[in-house]
file entry_34.txt (compact mmCIF, C-alpha atoms)
# COMPACT_ATOMS: atom_id res chain seq x y z
CA MET A 1 4.98 -51.06 -9.11
CA SER A 2 4.32 -50.48 -12.77
CA ALA A 3 5.60 -47.57 -14.82
CA ALA A 4 2.11 -46.06 -14.79
CA ASP A 5 2.09 -46.15 -11.00
CA LEU A 6 5.47 -44.44 -10.93
CA ALA A 7 4.11 -41.77 -13.24
CA ARG A 8 1.14 -41.31 -10.95
CA PHE A 9 3.46 -40.91 -7.97
CA GLU A 10 5.43 -38.37 -9.95
CA LEU A 11 2.23 -36.39 -10.52
CA ALA A 12 1.39 -36.67 -6.86
CA LYS A 13 4.82 -35.42 -5.88
CA ARG A 14 4.47 -32.45 -8.18
CA ALA A 15 1.11 -31.58 -6.71
CA TYR A 16 2.52 -31.94 -3.20
CA GLN A 17 5.41 -29.62 -3.94
CA ALA A 18 3.13 -27.07 -5.59
CA THR A 19 1.20 -26.67 -2.36
CA GLN A 20 4.11 -26.35 0.02
CA PRO A 21 3.76 -23.38 2.37
CA THR A 22 5.17 -20.08 1.19
CA ALA A 23 7.60 -18.05 3.28
CA ALA A 24 4.77 -15.72 4.26
CA GLU A 25 2.64 -18.60 5.49
CA VAL A 26 5.55 -19.95 7.51
CA GLN A 27 6.16 -16.52 9.04
CA THR A 28 2.52 -16.22 10.00
CA GLY A 29 2.63 -19.67 11.59
CA VAL A 30 5.80 -18.79 13.47
CA ARG A 31 4.26 -15.57 14.75
CA ARG A 32 1.20 -17.41 15.99
CA ALA A 33 3.29 -20.08 17.68
CA ARG A 34 5.48 -17.41 19.30
CA LEU A 35 2.44 -15.54 20.59
CA ALA A 36 1.01 -18.73 22.01
CA ARG A 37 4.28 -19.48 23.78
CA ARG A 38 4.23 -16.12 25.54
CA ARG A 39 0.86 -16.80 27.12
CA PRO A 40 1.45 -17.77 30.72
CA ARG A 41 0.24 -21.25 31.46
CA ARG A 42 -1.91 -21.52 34.54
CA ASN A 43 -2.29 -25.22 34.88
CA TRP A 44 -2.57 -25.04 38.65
CA PHE A 45 -5.59 -22.79 38.39
CA SER A 46 -7.64 -25.08 36.18
CA LYS A 47 -6.57 -28.14 38.16
CA GLY A 48 -7.47 -26.47 41.43
CA LEU A 49 -10.80 -25.35 40.06
CA VAL A 50 -11.60 -28.85 38.87
CA LEU A 51 -10.65 -30.28 42.27
CA VAL A 52 -12.83 -27.79 44.15
CA VAL A 53 -15.80 -28.37 41.85
CA LEU A 54 -15.39 -32.14 42.18
CA ALA A 55 -15.10 -31.95 45.95
CA VAL A 56 -18.16 -29.73 46.39
CA GLY A 57 -20.12 -31.67 43.79
CA GLY A 58 -19.21 -34.98 45.36
CA MET A 59 -20.16 -33.73 48.79
CA ALA A 60 -23.46 -32.35 47.51
CA TYR A 61 -24.19 -35.64 45.78
CA ALA A 62 -23.24 -37.91 48.65
CA LYS A 63 -24.84 -35.80 51.35
CA PRO A 64 -27.21 -33.17 50.01
CA HIS A 65 -27.35 -31.26 53.30
CA ALA A 66 -23.62 -31.36 53.80
CA VAL A 67 -23.04 -27.97 52.22
CA GLY A 68 -25.69 -26.38 54.40
CA GLU A 69 -24.27 -28.09 57.45
CA LEU A 70 -20.82 -26.89 56.55
CA VAL A 71 -22.07 -23.32 56.33
CA GLU A 72 -23.90 -23.68 59.63
CA ARG A 73 -20.78 -25.10 61.20
CA VAL A 74 -18.76 -22.18 59.98
CA LEU A 75 -21.27 -19.55 61.04
CA PRO A 76 -21.34 -20.37 64.79
CA SER A 77 -17.57 -20.28 64.86
CA HIS A 78 -17.81 -16.90 63.22
CA ASP A 79 -20.20 -15.83 65.98
CA ALA A 80 -17.77 -17.13 68.54
CA ASP A 81 -14.95 -15.25 66.91
CA SER A 82 -16.90 -12.03 66.94
CA SER A 83 -17.80 -12.53 70.59
CA LYS A 84 -14.15 -13.14 71.37
CA ARG A 85 -13.32 -9.96 69.58
CA ALA A 86 -16.00 -8.21 71.60
CA HIS A 87 -14.35 -9.52 74.78
CA GLN A 88 -11.04 -8.07 73.70
CA ARG A 89 -12.40 -4.54 73.51
CA PRO A 90 -10.97 -1.96 75.94
CA ALA A 91 -13.59 -2.26 78.69
CA PRO A 92 -14.75 -5.83 78.72
CA PRO A 93 -16.97 -7.19 81.47
CA PRO A 94 -15.10 -9.43 83.88
CA THR A 95 -15.29 -12.86 82.35
CA PRO A 96 -13.80 -16.14 83.37
CA ALA A 97 -10.98 -17.40 81.23
CA ILE A 98 -12.73 -19.01 78.29
CA PRO A 99 -9.58 -20.43 76.72
CA ALA A 100 -8.80 -22.35 79.89
CA VAL A 101 -12.24 -23.97 79.90
CA HIS A 102 -11.94 -24.93 76.27
CA ALA A 103 -8.43 -26.21 76.76
CA ALA A 104 -9.63 -28.53 79.49
CA ILE A 105 -12.16 -30.12 77.17
CA PRO A 106 -10.77 -31.89 74.17
CA ALA A 107 -12.44 -30.51 71.08
CA PRO A 108 -14.87 -33.07 69.70
CA ALA A 109 -16.19 -33.34 66.20
CA PRO A 110 -19.41 -31.32 66.20
CA ASN A 111 -21.70 -34.25 65.52
CA ALA A 112 -19.68 -36.81 67.34
CA GLY A 113 -20.87 -36.03 70.85
CA PRO A 114 -21.53 -39.28 72.66
CA PRO A 115 -25.24 -39.92 73.04
CA ILE A 116 -26.78 -39.93 76.44
CA GLY A 117 -29.57 -42.46 76.13
CA PRO A 118 -29.42 -45.78 78.00
CA LYS A 119 -29.05 -47.61 74.71
CA ASN A 120 -25.69 -45.99 74.29
CA ALA A 121 -24.64 -45.96 77.90
CA PRO A 122 -22.31 -48.96 77.70
CA LYS A 123 -20.14 -47.23 75.17
CA PRO A 124 -17.02 -45.81 76.75
CA ALA A 125 -17.47 -42.13 77.28
CA PRO A 126 -14.55 -40.24 75.91
CA ARG A 127 -14.78 -37.45 78.45
CA ALA A 128 -15.38 -37.36 82.12
CA VAL A 129 -17.90 -34.56 81.75
CA VAL A 130 -20.06 -36.60 79.42
CA GLY A 131 -19.67 -39.66 81.57
CA LYS A 132 -21.51 -37.85 84.34
CA HIS A 133 -24.35 -37.08 81.99
CA ALA A 134 -24.43 -40.69 80.90
CA GLU A 135 -25.00 -41.72 84.47
CA GLY A 136 -27.89 -39.33 84.68
CA ALA A 137 -29.25 -41.27 81.73
CA ARG A 138 -32.55 -39.80 80.62
CA LEU A 139 -33.06 -36.55 78.83
CA ALA A 140 -35.42 -35.33 81.44
CA PRO A 141 -36.50 -31.73 81.26
CA ALA A 142 -33.15 -30.23 81.42
CA PRO A 143 -32.20 -28.06 84.32
CA ALA A 144 -32.01 -24.44 83.44
CA PRO A 145 -28.57 -24.03 82.03
CA SER A 146 -26.36 -21.95 84.15
CA ILE A 147 -25.45 -19.85 81.21
CA GLY A 148 -26.52 -16.45 82.43
CA GLY A 149 -23.43 -14.51 83.29
CA SER A 150 -21.31 -17.39 82.10
CA PRO A 151 -18.69 -17.14 79.36
CA GLU A 152 -21.48 -17.71 76.84
CA ALA A 153 -23.34 -14.59 77.86
CA GLY A 154 -22.33 -12.71 74.74
CA VAL A 155 -23.16 -15.61 72.44
CA SER A 156 -26.39 -15.72 70.45
CA ASP A 157 -29.01 -18.39 71.18
CA TRP A 158 -28.01 -20.43 68.15
CA GLY A 159 -24.40 -19.94 69.11
CA ARG A 160 -25.19 -21.48 72.51
CA VAL A 161 -26.79 -24.45 70.79
CA GLY A 162 -23.79 -24.85 68.53
CA ARG A 163 -21.33 -24.62 71.41
CA ALA A 164 -23.27 -27.06 73.53
CA LEU A 165 -23.39 -29.54 70.67
CA ALA A 166 -19.70 -29.08 70.05
CA ARG A 167 -19.03 -29.86 73.69
CA GLY A 168 -21.31 -32.87 73.52
CA ASP A 169 -23.52 -31.29 76.16
CA ASP A 170 -26.83 -32.25 74.64
CA GLU A 171 -28.86 -31.19 77.66
CA SER A 172 -27.71 -27.62 77.38
CA ALA A 173 -28.30 -27.79 73.67
CA LEU A 174 -31.84 -29.00 74.25
CA SER A 175 -32.59 -26.31 76.79
CA ALA A 176 -31.21 -23.66 74.47
CA LEU A 177 -33.34 -25.07 71.70
CA ARG A 178 -36.35 -25.04 73.98
CA GLN A 179 -35.78 -21.35 74.62
CA LEU A 180 -35.53 -20.81 70.91
CA SER A 181 -38.74 -22.72 70.28
CA GLU A 182 -40.54 -20.07 72.32
CA SER A 183 -39.26 -17.36 70.08
CA ASP A 184 -41.61 -14.91 68.38
CA ASP A 185 -40.14 -15.69 65.01
CA ARG A 186 -41.96 -18.58 63.40
CA SER A 187 -39.00 -19.76 61.35
CA THR A 188 -36.76 -19.84 64.45
CA ARG A 189 -39.43 -21.78 66.32
CA ASP A 190 -39.69 -24.35 63.55
CA LYS A 191 -35.96 -24.76 63.24
CA ALA A 192 -35.58 -25.16 66.98
CA ASP A 193 -38.34 -27.78 67.10
CA LEU A 194 -36.76 -29.68 64.25
CA GLY A 195 -33.44 -29.59 66.07
CA ARG A 196 -35.03 -30.82 69.26
CA ALA A 197 -36.79 -33.61 67.40
CA GLN A 198 -33.56 -34.71 65.82
CA LEU A 199 -31.78 -34.67 69.16
CA PHE A 200 -34.56 -36.71 70.74
CA MET A 201 -34.39 -39.10 67.85
CA ALA A 202 -30.65 -39.46 68.29
CA HIS A 203 -31.18 -40.47 71.87
CA GLY A 204 -33.86 -43.02 71.09
CA GLN A 205 -36.72 -40.93 72.45
CA SER A 206 -38.73 -41.39 69.35
CA GLU A 207 -42.12 -40.65 70.92
CA GLN A 208 -41.22 -37.11 71.82
CA ALA A 209 -39.39 -36.72 68.55
CA CYS A 210 -42.32 -37.94 66.49
CA ALA A 211 -44.77 -35.75 68.39
CA LEU A 212 -42.62 -32.73 67.66
CA LEU A 213 -42.24 -33.68 64.02
CA ARG A 214 -45.97 -34.17 63.59
CA SER A 215 -46.71 -30.84 65.19
CA LEU A 216 -44.20 -29.29 62.78
CA LEU A 217 -46.03 -30.83 59.83
CA ASN A 218 -49.43 -29.86 61.16
CA ARG A 219 -48.58 -26.27 61.72
CA GLY A 220 -47.25 -25.94 58.18
CA ALA A 221 -43.58 -25.11 58.51
CA SER A 222 -41.46 -23.90 55.63
CA ALA A 223 -40.89 -26.29 52.74
CA ARG A 224 -37.32 -27.16 53.65
CA ILE A 225 -38.12 -27.87 57.27
CA GLU A 226 -41.21 -29.79 56.29
CA ARG A 227 -39.13 -31.93 53.95
CA GLN A 228 -36.66 -32.73 56.69
CA ALA A 229 -39.44 -33.40 59.14
CA GLN A 230 -41.05 -35.81 56.71
CA ALA A 231 -37.75 -37.56 56.18
CA SER A 232 -37.31 -37.95 59.92
CA LEU A 233 -40.91 -39.08 60.36
CA LYS A 234 -40.21 -42.08 58.15
CA SER A 235 -38.22 -43.58 60.97
CA CYS A 236 -41.21 -43.02 63.29
CA ALA A 237 -43.41 -45.17 61.12
CA ARG A 238 -40.98 -48.11 61.25
CA MET B 1 24.26 -25.94 7.37
CA ASP B 2 22.42 -28.16 9.78
CA GLN B 3 25.33 -28.49 12.14
CA SER B 4 26.00 -24.76 12.29
CA PHE B 5 22.35 -24.11 12.78
CA ALA B 6 22.32 -26.72 15.51
CA ASN B 7 25.08 -24.94 17.35
CA THR B 8 23.35 -21.59 16.99
CA ALA B 9 20.08 -23.00 18.19
CA LEU B 10 21.77 -24.71 21.10
CA GLU B 11 23.53 -21.56 22.15
CA LEU B 12 20.45 -19.46 21.75
CA THR B 13 18.08 -21.74 23.57
CA ALA B 14 20.43 -22.49 26.45
CA PRO B 15 18.78 -21.69 29.80
CA ALA B 16 21.31 -18.94 30.50
CA LEU B 17 19.93 -16.89 27.64
CA PRO B 18 16.28 -16.05 27.94
CA LEU B 19 14.33 -16.25 24.72
CA GLU B 20 13.18 -12.70 25.06
CA GLN B 21 16.61 -11.43 24.07
CA PRO B 22 16.68 -10.34 20.46
CA LEU B 23 19.28 -12.88 19.35
CA ALA B 24 17.55 -15.71 21.13
CA ARG B 25 14.29 -14.69 19.59
CA GLU B 26 15.86 -14.86 16.15
CA GLY B 27 17.12 -18.36 16.87
CA SER B 28 13.84 -19.55 18.26
CA ASP B 29 12.08 -18.10 15.23
CA GLU B 30 14.33 -20.13 12.95
CA LEU B 31 13.59 -23.20 14.97
CA LEU B 32 9.86 -22.45 14.90
CA ALA B 33 10.00 -21.98 11.12
CA LEU B 34 11.76 -25.31 10.73
CA LEU B 35 9.20 -27.00 12.95
CA TYR B 36 6.34 -25.34 11.11
CA ARG B 37 7.56 -26.55 7.72
CA GLN B 38 8.15 -30.06 9.00
CA MET B 39 4.80 -30.28 10.75
CA ARG B 40 3.07 -28.92 7.68
CA SER B 41 4.69 -31.59 5.53
CA LEU B 42 3.89 -34.44 7.89
CA ALA B 43 0.43 -33.38 9.01
CA GLY B 44 -0.69 -31.63 5.85
CA PRO B 45 -2.96 -28.60 5.82
CA ARG B 46 -5.26 -28.81 8.82
CA GLN B 47 -7.02 -26.55 11.25
CA ASP B 48 -5.06 -27.58 14.32
CA LEU B 49 -1.67 -27.12 12.64
CA ASP B 50 -0.80 -24.20 14.94
CA ASP B 51 -1.54 -26.27 18.01
CA LEU B 52 0.63 -29.06 16.69
CA VAL B 53 3.49 -26.66 15.92
CA GLN B 54 3.21 -25.21 19.38
CA ALA B 55 3.25 -28.62 21.02
CA ALA B 56 6.26 -29.64 18.93
CA ALA B 57 8.03 -26.38 19.73
CA GLU B 58 7.62 -26.92 23.46
CA ARG B 59 9.02 -30.41 23.17
CA ALA B 60 11.86 -29.25 20.93
CA LEU B 61 12.91 -26.43 23.25
CA LYS B 62 12.90 -28.83 26.17
CA ALA B 63 14.86 -31.46 24.28
CA LEU B 64 17.40 -29.20 22.57
CA PRO B 65 19.88 -29.20 25.46
CA ARG B 66 20.06 -32.98 25.06
CA PHE B 67 20.85 -32.72 21.35
CA GLU B 68 24.39 -34.04 20.90
CA GLY B 69 24.83 -33.32 17.21
CA ARG B 70 25.05 -36.99 16.19
CA CYS B 71 22.51 -36.34 13.47
CA ALA B 72 21.34 -33.28 11.60
CA LEU B 73 19.18 -30.88 13.57
CA SER B 74 16.43 -31.26 10.99
CA THR B 75 16.42 -35.03 11.63
CA PHE B 76 16.25 -34.38 15.36
CA THR B 77 13.36 -31.94 14.98
CA TYR B 78 11.64 -34.20 12.45
CA GLY B 79 11.73 -36.90 15.11
CA ILE B 80 10.05 -34.57 17.59
CA VAL B 81 7.48 -33.50 15.03
CA TYR B 82 6.79 -37.13 14.12
CA ARG B 83 6.25 -38.16 17.75
CA THR B 84 4.14 -35.08 18.51
CA LEU B 85 1.91 -35.80 15.55
CA LEU B 86 1.51 -39.47 16.40
CA ASP B 87 0.74 -38.68 20.04
CA HIS B 88 -1.81 -36.11 18.95
CA GLN B 89 -3.44 -38.54 16.54
CA ARG B 90 -3.61 -41.18 19.22
CA TRP B 91 -5.21 -38.72 21.64
CA TYR B 92 -7.56 -37.48 18.98
CA ARG B 93 -8.65 -40.99 18.07
CA ARG B 94 -9.55 -41.61 21.72
CA PHE B 95 -11.33 -38.26 21.83
CA GLN B 96 -13.32 -39.11 18.71
CA ARG B 97 -14.61 -42.30 20.28
CA ARG B 98 -16.65 -40.13 22.61
CA PHE B 99 -17.12 -36.84 20.84
CA SER B 100 -17.17 -35.62 17.30
CA LEU B 101 -16.18 -32.21 16.09
CA ASP B 102 -17.28 -31.77 12.52
CA SER B 103 -15.12 -28.74 11.88
CA ARG B 104 -11.98 -30.68 12.74
CA ASP B 105 -12.77 -33.53 10.46
CA GLU B 106 -12.31 -31.41 7.42
CA PRO B 107 -8.76 -30.44 6.56
CA ASP B 108 -7.90 -26.80 6.23
CA ASP B 109 -8.42 -25.88 2.63
CA LEU B 110 -5.35 -25.49 0.49
CA VAL B 111 -4.83 -22.04 -0.90
CA SER B 112 -2.80 -20.90 -3.83
CA SER B 113 -1.91 -17.36 -4.80
CA ARG B 114 -1.75 -18.39 -8.44
CA SER B 115 -4.89 -19.09 -10.36
CA SER B 116 -3.97 -20.49 -13.75
CA GLU B 117 -5.73 -23.62 -14.90
CA THR B 118 -2.60 -25.71 -14.37
CA ASP B 119 -2.23 -24.40 -10.83
CA LEU B 120 -5.84 -25.13 -10.04
CA ARG B 121 -5.40 -28.66 -11.34
CA GLU B 122 -2.33 -29.08 -9.12
CA LEU B 123 -4.36 -27.78 -6.21
CA THR B 124 -7.14 -30.27 -6.83
CA ARG B 125 -4.61 -33.05 -7.20
CA ALA B 126 -2.99 -32.06 -3.93
CA ARG B 127 -6.37 -32.15 -2.18
CA ARG B 128 -7.02 -35.62 -3.53
CA LEU B 129 -3.52 -36.70 -2.58
CA TYR B 130 -4.02 -35.55 1.02
CA ALA B 131 -7.38 -37.29 1.10
CA ALA B 132 -5.69 -40.48 -0.12
CA LEU B 133 -2.86 -40.10 2.41
CA ASP B 134 -5.42 -39.73 5.18
CA THR B 135 -6.65 -43.25 4.50
CA LEU B 136 -3.22 -44.69 5.37
CA PRO B 137 -2.19 -45.58 8.91
CA GLN B 138 -0.23 -42.76 10.56
CA GLU B 139 3.16 -44.47 10.58
CA LYS B 140 2.89 -45.51 6.94
CA ARG B 141 1.61 -42.13 5.91
CA ALA B 142 4.52 -40.36 7.63
CA THR B 143 7.05 -42.80 6.17
CA LEU B 144 5.74 -42.27 2.67
CA ILE B 145 5.73 -38.49 3.02
CA LEU B 146 9.24 -38.40 4.46
CA HIS B 147 10.75 -40.75 1.91
CA ASP B 148 8.82 -40.16 -1.32
CA LEU B 149 7.63 -36.58 -1.03
CA GLU B 150 10.37 -35.01 1.11
CA GLY B 151 13.13 -37.12 -0.40
CA ILE B 152 14.66 -38.29 2.87
CA GLU B 153 16.79 -41.46 2.86
CA VAL B 154 15.45 -44.64 4.43
CA ALA B 155 18.17 -44.64 7.10
CA GLU B 156 17.21 -41.13 8.14
CA VAL B 157 13.51 -41.97 8.11
CA ALA B 158 14.34 -44.87 10.40
CA LEU B 159 16.10 -42.45 12.74
CA ILE B 160 13.17 -40.05 12.69
CA SER B 161 10.54 -42.67 13.32
CA GLY B 162 12.69 -44.63 15.75
CA ALA B 163 12.14 -47.79 13.76
CA ASN B 164 14.28 -50.39 12.09
CA GLU B 165 15.27 -49.75 8.46
CA ARG B 166 13.49 -52.95 7.47
CA THR B 167 10.36 -51.77 9.19
CA VAL B 168 10.59 -48.52 7.28
CA ARG B 169 10.94 -50.37 3.98
CA SER B 170 8.01 -52.60 4.85
CA ARG B 171 5.89 -49.58 5.73
CA LEU B 172 6.91 -47.93 2.48
CA ARG B 173 5.97 -50.99 0.47
CA ASP B 174 2.53 -51.20 2.09
CA ALA B 175 1.94 -47.47 1.71
CA HIS B 176 2.95 -47.55 -1.97
CA LYS B 177 0.61 -50.44 -2.61
CA LYS B 178 -2.38 -48.78 -1.00
CA LEU B 179 -1.72 -45.32 -2.43
CA ALA B 180 -1.25 -46.74 -5.92
CA GLU B 181 -4.62 -48.47 -5.63
CA ILE B 182 -6.30 -45.19 -4.72
CA LEU B 183 -4.52 -43.12 -7.35
CA ARG B 184 -5.29 -45.65 -10.07
CA GLN B 185 -8.99 -44.93 -9.60
CA ASP B 186 -8.53 -41.18 -9.81
CA PRO B 187 -8.60 -39.77 -13.36
CA LEU B 188 -6.70 -36.69 -12.20
CA PHE B 189 -3.65 -38.88 -11.66
CA ASP B 190 -3.90 -40.59 -15.01
CA PRO B 191 -0.53 -40.08 -16.72
CA GLU B 192 -2.15 -40.49 -20.15
CA VAL B 193 -4.25 -37.36 -19.67
CA PRO B 194 -2.25 -34.33 -20.81
CA ALA B 195 -1.40 -31.96 -17.94

call {"tool": "encode", "arguments": {"input": "entry_34.txt", "output": "structure tokens"}}
result
Amino acid sequence: MSAADLARFELAKRAYQATQPTAAEVQTGVRRARLARRRPRRNWFSKGLVLVVLAVGGMAYAKPHAVGELVERVLPSHDADSSKRAHQRPAPPPTPAIPAVHAAIPAPAPNAGPPIGPKNAPKPAPRAVVGKHAEGARLAPAPAPSIGGSPEAGVSDWGRVGRALARGDDESALSALRQLSESDDRSTRDKADLGRAQLFMAHGQSEQACALLRSLLNRGASARIERQAQASLKSCAR
Amino acid sequence: MDQSFANTALELTAPALPLEQPLAREGSDELLALLYRQMRSLAGPRQDLDDLVQAAAERALKALPRFEGRCALSTFTYGIVYRTLLDHQRWYRRFQRRFSLDSRDEPDDLVSSRSSETDLRELTRARRLYAALDTLPQEKRATLILHDLEGIEVAEVALISGANERTVRSRLRDAHKKLAEILRQDPLFDPEVPA
């Protein structure tokens, strides 16, 4: 380095030293740093929030109806809880022991009930109860469910459908849905018909399913139901 | 001075004594002031200086119990400040590949309470100096600041940066070369011009 360069560095050093922080500036910086240190750190909160948002977002992206299904799955159990609570009131009607019945049947995943159609008959039935239904094969007009006066007496119609599906008892679910499809409320009727169509479809009875879906489209159901009906009808065309 | 301060800081920041106690607070304030000065020298005036000081303070308070007094406390804290700054720069470079924050790109403006012509010239020179230093790679920039501007010995700079003394000298040589090139083109640093 030449002498001129050294002189330049000397100038630079002088300028650097002239702009060093004053005691007041340091104190202000220290105060700010101290204040920041006192703030409680809530890393877990932001991490948890990110995880929840990612989980819900991922679920909504992968399966758009999953959130709705989740809510529907939670709601029937809520109904069941409230009915249980109703049973526990001081003067309950004499009811058979519900817990015992439920304990005898291993709890299935709600949508994992083994199908009844002949196509699926060879599959090993996980439960004896369902095995009997599998022998009966067809989803013929279901016998009137012996629900009246049964443990499900206090349960709403949709609750009955939900319980039947949870048990894998699709016949009872269908008959409950059929009752619902005769309801005065148009929205309930449409929902019940859509449910029936989807159940028929699941059991390979596409003719009945398609007829129901077409009638749903013809009668002009709500947009959401119509969308689902159209989506299901695509498999009819194939 | 350093050693006694080290002992005080060690005693005051020991886990048995919470920082909220008045004495501990005094000690932590001294440590924060030291870290602030060191970070200000290494990083220069910038908008995220407080964040950097805070990050360095957290590291320093965590690391203090491991300080064995083999070197001066200021060397120890300089090491922490150096690593914090480099880590931050590395993170920020990655961040800048995706996003750009215009406000951060500009360094915090230097201020001076004095306003004579000489002072203003010094201020302008300092701005240009920081702009020139910003063109150097981080390690070389820090080495030059520590050795030339802060007057720290090469051996100590090597300790701070965790590098070999030869590496430090090599970095210094490169930094001198590049800085001299920049300053040569700046009339404000012309030694012939009267101050």

call {"tool": "interface_residues", "arguments": {"input": "entry_34.txt", "of": "chain B", "to": "chain A", "cutoff": "10 Å", "atoms": "only C-alpha atoms", "output": "count of residues only"}}
result
59

call {"tool": "atom_distance", "arguments": {"input": "entry_34.txt", "atom1": "atom CA of Asp134 of chain B", "atom2": "atom CA of Gly162 of chain B"}}
result
21.5 Å

call {"tool": "atom_distance", "arguments": {"input": "entry_34.txt", "atom1": "atom CA of Asp169 of chain A", "atom2": "atom CA of Ser156 of chain A"}}
result
16.8 Å

call {"tool": "closest_residue", "arguments": {"input": "entry_34.txt", "among": "B:Lys178, B:Arg46, B:Arg166, B:Arg97", "to": "Thr135 of chain B", "atoms": "only C-alpha atoms"}}
result
B:Lys178

call {"tool": "atom_distance", "arguments": {"input": "entry_34.txt", "atom1": "atom CA of Glu72 of chain A", "atom2": "atom CA of Leu199 of chain A"}}
result
16.5 Å
